[in-house]
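Heads up, protein26.cif below (mmCIF, C-alpha atoms):
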```cif
data_protein
#
loop_
_atom_site.label_atom_id
_atom_site.label_comp_id
_atom_site.auth_asym_id
_atom_site.auth_seq_id
_atom_site.Cartn_x
_atom_site.Cartn_y
_atom_site.Cartn_z
CA MET A 30 41.28 -111.74 -82.44
CA LYS A 31 42.66 -114.67 -84.35
CA PRO A 32 46.43 -114.96 -84.15
CA ILE A 33 48.48 -115.19 -87.30
CA PRO A 34 50.04 -118.66 -87.49
CA THR A 35 53.67 -118.58 -86.50
CA LEU A 36 54.96 -119.96 -89.78
CA VAL A 37 53.17 -117.29 -91.73
CA LEU A 38 54.53 -114.58 -89.47
CA VAL A 39 58.04 -115.88 -89.86
CA ALA A 40 57.60 -116.10 -93.60
CA ALA A 41 56.34 -112.56 -93.77
CA ILE A 42 59.24 -111.29 -91.76
CA VAL A 43 61.81 -113.22 -93.75
CA ALA A 44 60.40 -112.55 -97.19
CA GLY A 45 58.81 -109.19 -96.65
CA SER A 46 61.73 -107.49 -95.06
CA ALA A 47 64.52 -107.88 -97.55
CA VAL A 48 67.81 -107.27 -95.81
CA GLN A 49 69.00 -103.87 -96.96
CA ILE A 50 72.74 -103.36 -96.84
CA ASP A 51 73.82 -100.08 -98.35
CA GLY A 52 72.01 -100.37 -101.63
CA TYR A 53 71.56 -103.95 -102.67
CA ALA A 54 69.17 -106.19 -100.77
CA PHE A 55 68.64 -109.91 -100.39
CA THR A 56 65.38 -111.76 -100.72
CA GLY A 57 66.30 -114.60 -98.40
CA TRP A 58 67.34 -117.34 -100.78
CA LYS A 59 70.23 -118.42 -102.98
CA TRP A 60 70.94 -121.30 -105.32
CA ALA A 61 73.01 -124.15 -103.95
CA GLN A 62 73.87 -125.75 -107.27
CA ALA A 63 76.63 -124.64 -109.61
CA ARG A 64 74.37 -124.50 -112.66
CA VAL A 65 70.91 -122.94 -112.92
CA PRO A 66 69.34 -123.84 -116.27
CA MET A 67 66.94 -121.21 -117.64
CA ARG A 68 64.66 -122.38 -120.41
CA LEU A 69 64.11 -119.41 -122.66
CA ARG A 70 60.68 -119.75 -124.22
CA LEU A 71 60.29 -116.18 -125.39
CA GLY A 72 60.62 -117.20 -129.01
CA THR A 73 63.06 -118.59 -131.53
CA THR A 74 61.17 -117.56 -134.63
CA THR A 75 62.93 -114.95 -136.76
CA LEU A 76 61.13 -111.68 -136.24
CA LYS A 77 60.08 -109.45 -139.11
CA PRO A 78 60.95 -106.72 -138.72
CA VAL A 79 63.94 -107.51 -136.55
CA LEU A 80 64.19 -105.86 -133.16
CA ILE A 81 65.54 -102.33 -132.78
CA ASP A 82 69.06 -103.60 -132.01
CA LYS A 83 68.90 -105.83 -135.12
CA ILE A 84 68.56 -108.99 -133.06
CA THR A 85 66.34 -111.48 -134.83
CA THR A 86 64.64 -113.48 -132.06
CA TRP A 87 63.34 -112.85 -128.54
CA ASN A 88 65.55 -115.56 -127.09
CA LYS A 89 68.64 -114.00 -128.61
CA ALA A 90 67.60 -110.65 -127.22
CA ALA A 91 67.24 -112.00 -123.70
CA SER A 92 70.09 -114.48 -123.45
CA PRO A 93 72.89 -111.89 -122.97
CA ALA A 94 71.25 -111.17 -119.62
CA LEU A 95 72.36 -114.61 -118.46
CA SER A 96 75.96 -114.03 -119.45
CA ALA A 97 75.92 -110.56 -117.87
CA TRP A 98 75.40 -112.15 -114.44
CA ASN A 99 77.62 -115.14 -115.22
CA ALA A 100 80.57 -112.87 -115.97
CA ARG A 101 80.41 -111.48 -112.43
CA ILE A 102 79.67 -114.39 -110.12
CA LYS A 103 81.65 -117.50 -109.33
CA ASN A 104 79.77 -120.26 -107.55
CA THR A 105 76.60 -120.41 -109.64
CA GLN A 106 76.15 -119.90 -113.36
CA PHE A 107 73.05 -119.62 -115.52
CA SER A 108 72.80 -121.83 -118.57
CA ALA A 109 70.33 -121.37 -121.41
CA GLY A 110 68.05 -123.85 -123.08
CA SER A 111 64.96 -123.43 -125.17
CA THR A 112 63.19 -126.76 -124.86
CA GLY A 113 60.28 -127.78 -122.71
CA GLY A 114 57.01 -126.21 -121.74
CA GLN A 115 55.98 -122.69 -121.11
CA LYS A 116 54.49 -122.30 -117.70
CA ALA A 117 55.05 -120.99 -114.23
CA ALA A 118 54.85 -124.08 -112.08
CA PHE A 119 56.54 -125.69 -109.11
CA ASP A 120 58.32 -128.25 -111.29
CA ARG A 121 61.96 -127.45 -110.56
CA THR A 122 62.33 -126.15 -114.10
CA ASN A 123 62.98 -122.49 -114.75
CA TYR A 124 61.04 -121.00 -117.63
CA VAL A 125 61.16 -117.54 -119.17
CA PHE A 126 58.21 -116.63 -121.37
CA PHE A 127 55.54 -114.10 -122.35
CA ALA A 128 52.12 -114.39 -120.74
CA ALA A 129 49.41 -112.33 -119.11
CA SER A 130 48.93 -114.62 -116.15
CA ALA A 131 50.67 -117.20 -114.01
CA TYR A 132 49.25 -119.78 -111.65
CA GLY A 133 45.80 -118.85 -112.89
CA ARG A 134 46.20 -115.29 -111.64
CA LYS A 135 46.49 -112.29 -113.95
CA MET A 136 49.74 -110.41 -113.53
CA GLY A 137 47.98 -107.09 -113.26
CA SER A 138 47.74 -104.24 -115.69
CA ASN A 139 50.60 -102.32 -114.09
CA VAL A 140 53.15 -105.12 -114.04
CA LEU A 141 55.95 -105.37 -116.59
CA ALA A 142 57.44 -108.70 -115.54
CA THR A 143 57.51 -110.93 -112.50
CA ALA A 144 59.86 -113.54 -111.07
CA TYR A 145 58.07 -116.41 -109.30
CA THR A 146 60.57 -118.21 -107.11
CA TRP A 147 60.09 -121.33 -104.99
CA TYR A 148 62.50 -121.91 -102.17
CA SER A 149 62.91 -123.93 -99.05
CA ALA A 150 65.21 -123.33 -96.09
CA GLY A 151 66.92 -120.50 -97.95
CA LYS A 152 67.65 -122.62 -101.04
CA ALA A 153 65.99 -121.70 -104.33
CA VAL A 154 64.60 -124.65 -106.27
CA ASP A 155 62.51 -123.10 -109.06
CA SER A 156 62.28 -119.64 -110.59
CA ASP A 157 60.11 -118.67 -113.53
CA ILE A 158 60.17 -115.27 -115.18
CA VAL A 159 57.09 -114.01 -116.97
CA PHE A 160 56.99 -110.96 -119.23
CA ASN A 161 53.55 -109.39 -119.30
CA THR A 162 52.04 -109.46 -122.78
CA LYS A 163 50.07 -106.34 -121.94
CA TRP A 164 53.13 -104.27 -122.80
CA LYS A 165 54.96 -103.63 -126.06
CA TRP A 166 58.40 -105.24 -126.00
CA ASN A 167 61.54 -104.79 -128.08
CA SER A 168 65.31 -104.89 -127.59
CA TYR A 169 67.54 -101.85 -127.57
CA ARG A 170 70.37 -100.28 -125.64
CA GLY A 171 70.54 -96.88 -124.08
CA ASN A 172 67.77 -94.59 -122.98
CA LEU A 173 64.26 -95.88 -122.51
CA ARG A 174 61.98 -95.38 -125.45
CA ARG A 175 58.47 -94.23 -124.89
CA GLY A 176 55.88 -96.99 -124.75
CA VAL A 177 58.21 -99.85 -125.65
CA TYR A 178 60.19 -101.82 -123.11
CA ASP A 179 63.60 -103.40 -123.52
CA VAL A 180 63.39 -107.12 -122.88
CA ARG A 181 67.07 -107.48 -122.04
CA ARG A 182 67.31 -104.94 -119.23
CA VAL A 183 64.11 -106.28 -117.71
CA MET A 184 65.54 -109.80 -118.00
CA ILE A 185 68.72 -108.72 -116.20
CA HIS A 186 66.58 -107.25 -113.44
CA GLU A 187 64.36 -110.31 -113.06
CA LEU A 188 67.37 -112.63 -113.07
CA GLY A 189 68.65 -110.58 -110.17
CA HIS A 190 65.52 -111.58 -108.28
CA THR A 191 66.04 -115.19 -109.37
CA LEU A 192 69.55 -115.05 -107.90
CA GLY A 193 68.17 -113.74 -104.61
CA LEU A 194 68.57 -109.98 -104.91
CA GLY A 195 65.83 -107.61 -103.85
CA HIS A 196 65.57 -104.02 -104.93
CA SER A 197 68.37 -101.54 -104.50
CA ASN A 198 68.14 -97.88 -103.64
CA LYS A 199 71.40 -97.04 -105.39
CA ALA A 200 71.53 -94.89 -108.50
CA GLY A 201 72.99 -96.85 -111.38
CA ALA A 202 71.70 -100.21 -110.15
CA ILE A 203 69.65 -102.33 -112.52
CA MET A 204 67.94 -103.66 -109.37
CA ARG A 205 66.32 -100.31 -108.69
CA PRO A 206 62.58 -100.91 -108.76
CA ILE A 207 61.84 -98.75 -111.77
CA VAL A 208 62.87 -99.45 -115.29
CA SER A 209 65.17 -96.67 -116.42
CA ASN A 210 67.96 -95.73 -118.79
CA GLN A 211 70.17 -98.16 -116.89
CA ASP A 212 70.52 -101.08 -119.30
CA LYS A 213 73.29 -103.12 -117.70
CA LEU A 214 74.57 -104.26 -114.34
CA GLY A 215 75.80 -101.55 -112.03
CA ALA A 216 78.48 -101.75 -109.36
CA ASP A 217 75.88 -102.17 -106.63
CA ASP A 218 74.21 -105.10 -108.44
CA ILE A 219 77.55 -106.81 -108.88
CA ALA A 220 78.51 -106.28 -105.25
CA GLY A 221 75.21 -107.80 -104.10
CA ALA A 222 75.47 -110.82 -106.35
CA GLN A 223 79.06 -111.40 -105.36
CA ARG A 224 78.08 -111.38 -101.69
CA LEU A 225 75.82 -114.32 -102.49
CA TYR A 226 77.89 -116.24 -105.03
CA GLY A 227 81.47 -115.05 -104.81
CA LYS A 228 83.58 -112.95 -107.10
CA LYS A 229 84.68 -114.32 -110.45
CA MET U 113 59.48 -107.28 -110.75
CA PHE U 114 60.32 -104.26 -112.78
CA SER U 115 58.38 -101.19 -113.55
CA ALA U 116 58.18 -97.88 -115.28
CA ALA U 117 57.40 -94.56 -113.68
CA ARG U 118 54.42 -92.56 -114.75
CA PHE U 119 54.13 -90.10 -111.91
CA VAL U 120 54.84 -86.59 -113.01
CA VAL U 121 56.71 -84.54 -110.51
CA ALA U 122 55.36 -81.09 -110.16
CA VAL U 123 57.33 -79.87 -107.24
CA ALA U 124 56.01 -76.84 -105.51
CA GLY U 125 56.17 -75.89 -101.91
CA ILE U 126 58.57 -78.66 -100.96
CA ALA U 127 62.22 -78.26 -101.67
CA ALA U 128 63.12 -80.06 -104.87
CA THR U 129 66.30 -81.40 -103.39
CA THR U 130 64.42 -83.39 -100.79
CA VAL U 131 61.54 -84.67 -102.84
CA LEU U 132 61.34 -87.65 -105.10
CA PRO U 133 58.45 -88.66 -107.27
CA LEU U 134 56.36 -91.51 -105.98
CA SER U 135 57.87 -93.63 -108.66
CA ALA U 136 60.11 -95.81 -106.56
CA THR U 137 57.79 -98.48 -107.68
CA VAL U 138 57.86 -102.02 -108.86
CA VAL U 139 55.11 -101.67 -111.35
CA ILE U 140 54.01 -98.98 -113.73
CA ALA U 141 52.61 -96.67 -111.15
CA PRO U 142 49.06 -95.47 -111.59
CA THR U 143 48.33 -91.85 -110.86
CA PHE U 144 46.66 -91.19 -107.56
CA GLU U 145 43.51 -90.14 -109.37
CA GLU U 146 43.50 -93.46 -111.23
CA MET U 147 43.91 -95.27 -107.96
CA VAL U 148 40.97 -93.46 -106.39
CA ARG U 149 38.86 -94.05 -109.47
CA ASP U 150 39.82 -97.69 -110.04
CA ALA U 151 39.51 -98.83 -106.44
CA ARG U 152 36.36 -100.74 -105.65
CA GLU U 153 37.05 -100.08 -101.99
CA ILE U 154 39.37 -97.78 -100.07
CA ILE U 155 39.60 -98.97 -96.49
CA VAL U 156 41.57 -98.25 -93.36
CA VAL U 157 42.49 -101.60 -91.90
CA GLU U 158 44.49 -103.57 -89.38
CA ALA U 159 45.77 -107.05 -90.25
CA VAL U 160 44.42 -109.55 -87.74
CA SER U 161 45.26 -112.92 -89.26
CA SER U 162 46.87 -114.60 -92.21
CA ARG U 163 46.71 -118.10 -93.61
CA ALA U 164 48.57 -119.68 -96.51
CA ALA U 165 47.01 -122.54 -98.46
CA TRP U 166 47.80 -124.73 -101.43
CA ARG U 167 45.67 -123.98 -104.48
CA SER U 168 45.42 -125.64 -107.86
CA SER U 169 45.27 -124.23 -111.34
CA SER U 170 45.74 -125.64 -114.80
CA GLN U 171 49.42 -124.79 -114.32
CA GLY U 172 49.71 -126.85 -111.17
CA ARG U 173 49.74 -126.23 -107.47
CA PHE U 174 50.70 -122.94 -105.89
CA ILE U 175 50.49 -121.15 -102.58
CA GLU U 176 48.14 -118.29 -101.88
CA THR U 177 47.97 -116.27 -98.68
CA THR U 178 44.69 -114.88 -97.43
CA VAL U 179 44.98 -111.99 -95.01
CA THR U 180 42.02 -110.99 -92.88
CA PHE U 181 41.75 -107.33 -91.93
CA ARG U 182 39.64 -105.54 -89.36
CA VAL U 183 38.17 -102.54 -91.14
CA ASP U 184 38.45 -99.38 -89.07
CA ALA U 185 37.06 -96.99 -91.67
CA VAL U 186 35.64 -97.10 -95.16
CA VAL U 187 36.54 -94.24 -97.49
CA LYS U 188 35.10 -95.79 -100.63
CA GLY U 189 32.70 -98.69 -100.98
CA ALA U 190 30.16 -100.32 -98.75
CA PHE U 191 30.64 -100.51 -95.01
CA THR U 192 32.14 -103.73 -93.73
CA ARG U 193 33.71 -104.75 -90.43
CA GLU U 194 36.13 -107.28 -91.85
CA ARG U 195 37.76 -107.91 -95.19
CA ALA U 196 39.76 -110.90 -96.43
CA LEU U 197 42.12 -110.46 -99.37
CA SER U 198 44.15 -113.14 -101.14
CA PHE U 199 47.67 -112.65 -102.46
CA LEU U 200 49.61 -115.03 -104.70
CA GLY U 201 52.57 -116.47 -102.80
CA GLY U 202 53.28 -117.45 -99.24
CA GLN U 203 54.75 -120.20 -97.14
CA ILE U 204 53.53 -123.60 -96.00
CA GLY U 205 55.90 -125.63 -93.90
CA SER U 206 59.35 -125.00 -95.29
CA THR U 207 58.14 -124.36 -98.83
CA ARG U 208 57.65 -120.83 -100.02
CA LEU U 209 56.51 -119.21 -103.25
CA ASP U 210 57.89 -115.69 -103.60
CA VAL U 211 56.26 -113.36 -106.11
CA SER U 212 58.62 -110.49 -106.73
CA ASP U 213 57.39 -107.37 -104.97
CA GLN U 214 54.26 -108.87 -103.55
CA VAL U 215 53.18 -107.03 -100.40
CA GLN U 216 53.52 -108.82 -97.06
CA PHE U 217 51.47 -108.23 -93.96
CA THR U 218 52.05 -109.09 -90.35
CA ARG U 219 49.49 -109.03 -87.59
CA GLY U 220 48.98 -105.52 -86.31
CA ASP U 221 49.97 -103.81 -89.56
CA ARG U 222 47.78 -100.77 -90.18
CA ASP U 223 47.22 -99.67 -93.74
CA VAL U 224 45.04 -97.77 -96.13
CA LEU U 225 44.25 -100.24 -98.90
CA PHE U 226 42.97 -99.46 -102.38
CA VAL U 227 41.24 -102.69 -103.35
CA SER U 228 41.01 -103.38 -107.04
CA SER U 229 37.82 -104.27 -108.82
CA ALA U 230 39.70 -106.37 -111.39
CA GLY U 231 39.56 -109.71 -109.58
CA ASN U 232 41.62 -112.86 -110.05
CA GLU U 233 44.92 -111.02 -110.06
CA ALA U 234 48.14 -111.89 -108.26
CA SER U 235 47.50 -108.89 -106.03
CA PRO U 236 44.01 -107.65 -105.15
CA LEU U 237 45.32 -104.10 -104.75
CA VAL U 238 45.17 -101.33 -107.33
CA GLY U 239 48.54 -101.03 -109.06
CA PHE U 240 49.81 -104.28 -107.55
CA ASN U 241 51.57 -102.96 -104.46
CA HIS U 242 50.88 -99.27 -104.98
CA GLY U 243 47.45 -99.75 -103.48
CA ARG U 244 49.00 -100.16 -100.05
CA PHE U 245 49.77 -97.13 -97.87
CA ARG U 246 51.20 -97.98 -94.49
CA ILE U 247 50.13 -96.23 -91.31
CA VAL U 248 52.97 -96.09 -88.84
CA SER U 249 53.58 -94.63 -85.42
CA GLY U 250 51.98 -91.26 -85.02
CA ASP U 251 49.52 -91.99 -87.83
CA VAL U 252 52.11 -91.11 -90.44
CA ILE U 253 51.55 -92.40 -93.99
CA LEU U 254 54.27 -94.30 -95.83
CA SER U 255 54.19 -95.75 -99.31
CA HIS U 256 54.18 -99.53 -99.76
CA ASP U 257 57.98 -99.54 -99.76
CA GLY U 258 58.31 -97.45 -96.65
CA GLN U 259 58.86 -93.99 -98.10
CA PRO U 260 57.15 -91.08 -96.32
CA VAL U 261 54.37 -89.67 -98.49
CA GLY U 262 53.93 -85.95 -98.80
CA ILE U 263 51.78 -83.72 -100.91
CA GLU U 264 52.73 -80.92 -103.20
CA THR U 265 51.46 -77.54 -102.24
CA GLY U 266 50.77 -74.39 -104.11
CA ARG U 267 49.12 -76.05 -107.09
CA SER U 268 46.43 -73.86 -108.49
CA ARG U 269 44.50 -76.36 -110.59
CA GLY U 270 43.55 -80.00 -110.30
CA PRO U 271 44.23 -82.42 -107.47
CA ALA U 272 47.59 -82.14 -105.76
CA THR U 273 50.23 -84.74 -106.48
CA LEU U 274 51.58 -87.17 -103.90
CA LEU U 275 55.32 -87.20 -103.52
CA GLU U 276 57.93 -89.00 -101.58
CA ALA U 277 58.81 -86.53 -98.90
CA PRO U 278 61.16 -86.13 -96.01
CA SER U 279 59.78 -87.59 -92.79
CA SER U 280 59.15 -84.13 -91.40
CA GLN U 281 56.70 -83.43 -94.24
CA ALA U 282 54.96 -86.81 -94.32
CA LEU U 283 51.18 -86.78 -94.42
CA SER U 284 49.13 -87.76 -91.41
CA LEU U 285 46.37 -90.33 -91.80
CA ASN U 286 43.69 -87.65 -91.57
CA SER U 287 45.41 -85.48 -94.18
CA PHE U 288 45.79 -88.48 -96.46
CA LEU U 289 42.11 -89.39 -96.17
CA ALA U 290 41.20 -85.79 -96.85
CA HIS U 291 43.38 -85.92 -99.94
CA ILE U 292 41.57 -89.02 -101.17
CA ARG U 293 38.24 -87.26 -100.76
CA ALA U 294 39.51 -84.11 -102.46
CA THR U 295 40.90 -86.13 -105.36
CA ALA U 296 37.60 -87.96 -105.73
CA SER U 297 35.72 -84.70 -105.67
CA VAL U 298 37.86 -83.11 -108.37
CA ALA U 299 37.76 -86.28 -110.49
CA GLY U 300 34.03 -86.76 -110.06
CA VAL U 301 34.45 -90.13 -108.39
CA ASN U 302 31.60 -91.35 -106.23
CA LEU U 303 32.96 -92.73 -102.98
CA ARG U 304 29.78 -94.60 -102.09
#
```

Can I see the file as structure tokens?
Amino acid sequence: MKPIPTLVLVAAIVAGSAVQIDGYAFTGWKWAQARVPMRLRLGTTTLKPVLIDKITTWNKAASPALSAWNARIKNTQFSAGSTGGQKAAFDRTNYVFFAASAYGRKMGSNVLATAYTWYSAGKAVDSDIVFNTKWKWNSYRGNLRRGVYDVRRVMIHELGHTLGLGHSNKAGAIMRPIVSNQDKLGADDIAGAQRLYGKK
Amino acid sequence: MFSAARFVVAVAGIAATTVLPLSATVVIAPTFEEMVRDAREIIVVEAVSSRAAWRSSSQGRFIETTVTFRVDAVVKGAFTRERALSFLGGQIGSTRLDVSDQVQFTRGDRDVLFVSSAGNEASPLVGFNHGRFRIVSGDVILSHDGQPVGIETGRSRGPATLLEAPSSQALSLNSFLAHIRATASVAGVNLR
């Protein structure tokens, strides 16, 4: 039997076994810098018709997700930009965009969105968020609507992964693994993020 | 990664207060019948080795981890003694690419894997991570995220539904394999 290389075993243990502490969980990384720029490349073109919540562009629909986290954490803040490319790549630039694949691999027909995060020695250096074009997207508050997914609540969830949060088992957490009627941060999400970045 | 739930809970025979739908999922969960139908292979395996490597695509370099499994039993597909599957993400040196909710294997892990026929996806499993069922001590079946898997009882028509269940009602490996075969039979899926 061929042994699994030590580094891979360690990686699997560290990354595969998110540390579960009464609800929120950690992925094993955090950002060291005070500012994490996210380049929103979802779209700046005025949509016709406008989205369900009357927002006119995809970027405007998603950007409140950044401020939702920023309002709760102290030592690191997201900032938004819309310039640059549109790719998941290890380039120390964080992109958010629609696509069906990343790194030459299809996301999979069951996947809504994915955060691809590069890190080293527990420090995140690059995190790209990709929304799967297979699904129908919009922007709305409140209960889930059948067959159309709210870009903002999914963005809040994926940014949680970017920050270093895993999934939570607490009711009312946006970091629960299933998309639900929860459309904003819950107490458990905030507690987890504040463990990593301090309380604002 | 975020998901939506598509499992319908038809609770019968197991107390509703202790049962959750198998929707604690990171992706839009396929039904069990879809998983049986869409899997190119359903295999009972043990992870024997794993190796991460740099790959290149038009979007630049990335890390992919190939896990080699010893195949202990084949439920669907052609017989094979060993199977290697590649998953996007992994670690080389101190550098790691994490793909949210990607499954992770360590040597000695025993699983029932539903291998997708899609190809070239971030995960080779049906339903991303839903295609992994863990076999733990006592040959008990857990879902990919460690929840005991039970089966509804008392259903008069169609294949029974899988449910998250209390540990005391978790399926054994043999019962789980029987359920796969029963589901295939009802759905008209050829397991060869």

Query raised in the report: Residues at most 10 Å from Asn161 (chain A), counting only C-alpha atoms, excluding those fewer than 6 positions away in the same chain, as a ChimeraX atom specification?
Result: /A:126-131,135-143

Report task. Fewer than 6 positions away in the same chain doesn't count, so skip those; otherwise give me all residues within 8 Å of Arg170 (chain A), counting all atoms listed in the file, as a PyMOL selection string. Result -> chain A and resi 82+179+212

C-alpha atoms of the current selection, written as a short mmCIF file (atom, residue, chain, number, x, y, z; two decimals), in the coordinates of the input:
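Generated output (again35.cif):
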```
data_model
loop_
_atom_site.label_atom_id
_atom_site.label_comp_id
_atom_site.auth_asym_id
_atom_site.auth_seq_id
_atom_site.Cartn_x
_atom_site.Cartn_y
_atom_site.Cartn_z
CA ASP A 82 69.06 -103.60 -132.01
CA ASP A 179 63.60 -103.40 -123.52
CA ASP A 212 70.52 -101.08 -119.30
#
```

Query raised in the report: Can you list, as a PyMOL selection string, the residues that the PyMOL selection byres ((chain U and resi 282) around 8) selects here?
Result: chain U and resi 252-254+260-263+277-281+283-284

Contact residues (chain U, partner chain A, 9 Å, only C-alpha atoms) as a PDB file with C-alpha atoms, in the coordinates of the input:
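To be explicit, this is the file written out as iface-v7.pdb:
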```
ATOM      1  CA  MET U 113      59.480-107.280-110.750  1.00  0.00           C
ATOM      2  CA  PHE U 114      60.320-104.260-112.780  1.00  0.00           C
ATOM      3  CA  SER U 115      58.380-101.190-113.550  1.00  0.00           C
ATOM      4  CA  ALA U 116      58.180 -97.880-115.280  1.00  0.00           C
ATOM      5  CA  ALA U 117      57.400 -94.560-113.680  1.00  0.00           C
ATOM      6  CA  SER U 135      57.870 -93.630-108.660  1.00  0.00           C
ATOM      7  CA  ALA U 136      60.110 -95.810-106.560  1.00  0.00           C
ATOM      8  CA  THR U 137      57.790 -98.480-107.680  1.00  0.00           C
ATOM      9  CA  VAL U 138      57.860-102.020-108.860  1.00  0.00           C
ATOM     10  CA  VAL U 139      55.110-101.670-111.350  1.00  0.00           C
ATOM     11  CA  ILE U 140      54.010 -98.980-113.730  1.00  0.00           C
ATOM     12  CA  ALA U 141      52.610 -96.670-111.150  1.00  0.00           C
ATOM     13  CA  PRO U 142      49.060 -95.470-111.590  1.00  0.00           C
ATOM     14  CA  VAL U 160      44.420-109.550 -87.740  1.00  0.00           C
ATOM     15  CA  SER U 161      45.260-112.920 -89.260  1.00  0.00           C
ATOM     16  CA  SER U 162      46.870-114.600 -92.210  1.00  0.00           C
ATOM     17  CA  ARG U 163      46.710-118.100 -93.610  1.00  0.00           C
ATOM     18  CA  ALA U 164      48.570-119.680 -96.510  1.00  0.00           C
ATOM     19  CA  SER U 168      45.420-125.640-107.860  1.00  0.00           C
ATOM     20  CA  SER U 169      45.270-124.230-111.340  1.00  0.00           C
ATOM     21  CA  SER U 170      45.740-125.640-114.800  1.00  0.00           C
ATOM     22  CA  GLN U 171      49.420-124.790-114.320  1.00  0.00           C
ATOM     23  CA  GLY U 172      49.710-126.850-111.170  1.00  0.00           C
ATOM     24  CA  ARG U 173      49.740-126.230-107.470  1.00  0.00           C
ATOM     25  CA  PHE U 174      50.700-122.940-105.890  1.00  0.00           C
ATOM     26  CA  THR U 177      47.970-116.270 -98.680  1.00  0.00           C
ATOM     27  CA  LEU U 200      49.610-115.030-104.700  1.00  0.00           C
ATOM     28  CA  GLY U 201      52.570-116.470-102.800  1.00  0.00           C
ATOM     29  CA  GLY U 202      53.280-117.450 -99.240  1.00  0.00           C
ATOM     30  CA  GLN U 203      54.750-120.200 -97.140  1.00  0.00           C
ATOM     31  CA  ILE U 204      53.530-123.600 -96.000  1.00  0.00           C
ATOM     32  CA  GLY U 205      55.900-125.630 -93.900  1.00  0.00           C
ATOM     33  CA  SER U 206      59.350-125.000 -95.290  1.00  0.00           C
ATOM     34  CA  THR U 207      58.140-124.360 -98.830  1.00  0.00           C
ATOM     35  CA  ARG U 208      57.650-120.830-100.020  1.00  0.00           C
ATOM     36  CA  LEU U 209      56.510-119.210-103.250  1.00  0.00           C
ATOM     37  CA  ASP U 210      57.890-115.690-103.600  1.00  0.00           C
ATOM     38  CA  VAL U 211      56.260-113.360-106.110  1.00  0.00           C
ATOM     39  CA  SER U 212      58.620-110.490-106.730  1.00  0.00           C
ATOM     40  CA  ASP U 213      57.390-107.370-104.970  1.00  0.00           C
ATOM     41  CA  GLN U 214      54.260-108.870-103.550  1.00  0.00           C
ATOM     42  CA  VAL U 215      53.180-107.030-100.400  1.00  0.00           C
ATOM     43  CA  GLN U 216      53.520-108.820 -97.060  1.00  0.00           C
ATOM     44  CA  PHE U 217      51.470-108.230 -93.960  1.00  0.00           C
ATOM     45  CA  THR U 218      52.050-109.090 -90.350  1.00  0.00           C
ATOM     46  CA  ARG U 219      49.490-109.030 -87.590  1.00  0.00           C
ATOM     47  CA  ALA U 230      39.700-106.370-111.390  1.00  0.00           C
ATOM     48  CA  GLY U 231      39.560-109.710-109.580  1.00  0.00           C
ATOM     49  CA  ASN U 232      41.620-112.860-110.050  1.00  0.00           C
ATOM     50  CA  GLU U 233      44.920-111.020-110.060  1.00  0.00           C
ATOM     51  CA  ALA U 234      48.140-111.890-108.260  1.00  0.00           C
ATOM     52  CA  SER U 235      47.500-108.890-106.030  1.00  0.00           C
ATOM     53  CA  VAL U 238      45.170-101.330-107.330  1.00  0.00           C
ATOM     54  CA  GLY U 239      48.540-101.030-109.060  1.00  0.00           C
ATOM     55  CA  PHE U 240      49.810-104.280-107.550  1.00  0.00           C
TER      56      PHE U 240
END
```

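Take CA of Thr178 (chain U) and CA of Ala196 (chain U): the distance between them is 6.4 Å.
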
Requested in this report: Could you give me, as a PyMOL selection string, the residues that sit within 12 Å of (77.7, -95.8, -116.3) in the file's coordinates, counting only C-alpha atoms?
Outcome: chain A and resi 171+200-203+210-217

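Here CA of Asp150 (chain U) stands at a distance of 13.4 Å from CA of Val187 (chain U).
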
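Residue selection for this entry, given the PyMOL selection byres ((chain U and resi 299) around 10), comprises U:Glu145, U:Glu146, U:Val148, U:Arg149, U:Gly270, U:Pro271, U:Arg293, U:Ala294, U:Thr295, U:Ala296, U:Ser297, U:Val298, U:Gly300, U:Val301, U:Asn302.
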
Query raised in the report: Could you work out how far CA of Gly220 (chain U) lies from CA of His256 (chain U), giving the answer in Å with one decimal?
Result: 15.6 Å

Give, as JSON, the centre coordinates and the x, y and z edge lengths in Å to one decimal for an axis-aligned box around all listed atoms of region 172-188 of chain A, padded by 6 Å on each side.
```
{"center_x": 62.3, "center_y": -103.4, "center_z": -119.4, "size_x": 24.8, "size_y": 30.4, "size_z": 24.6}
```
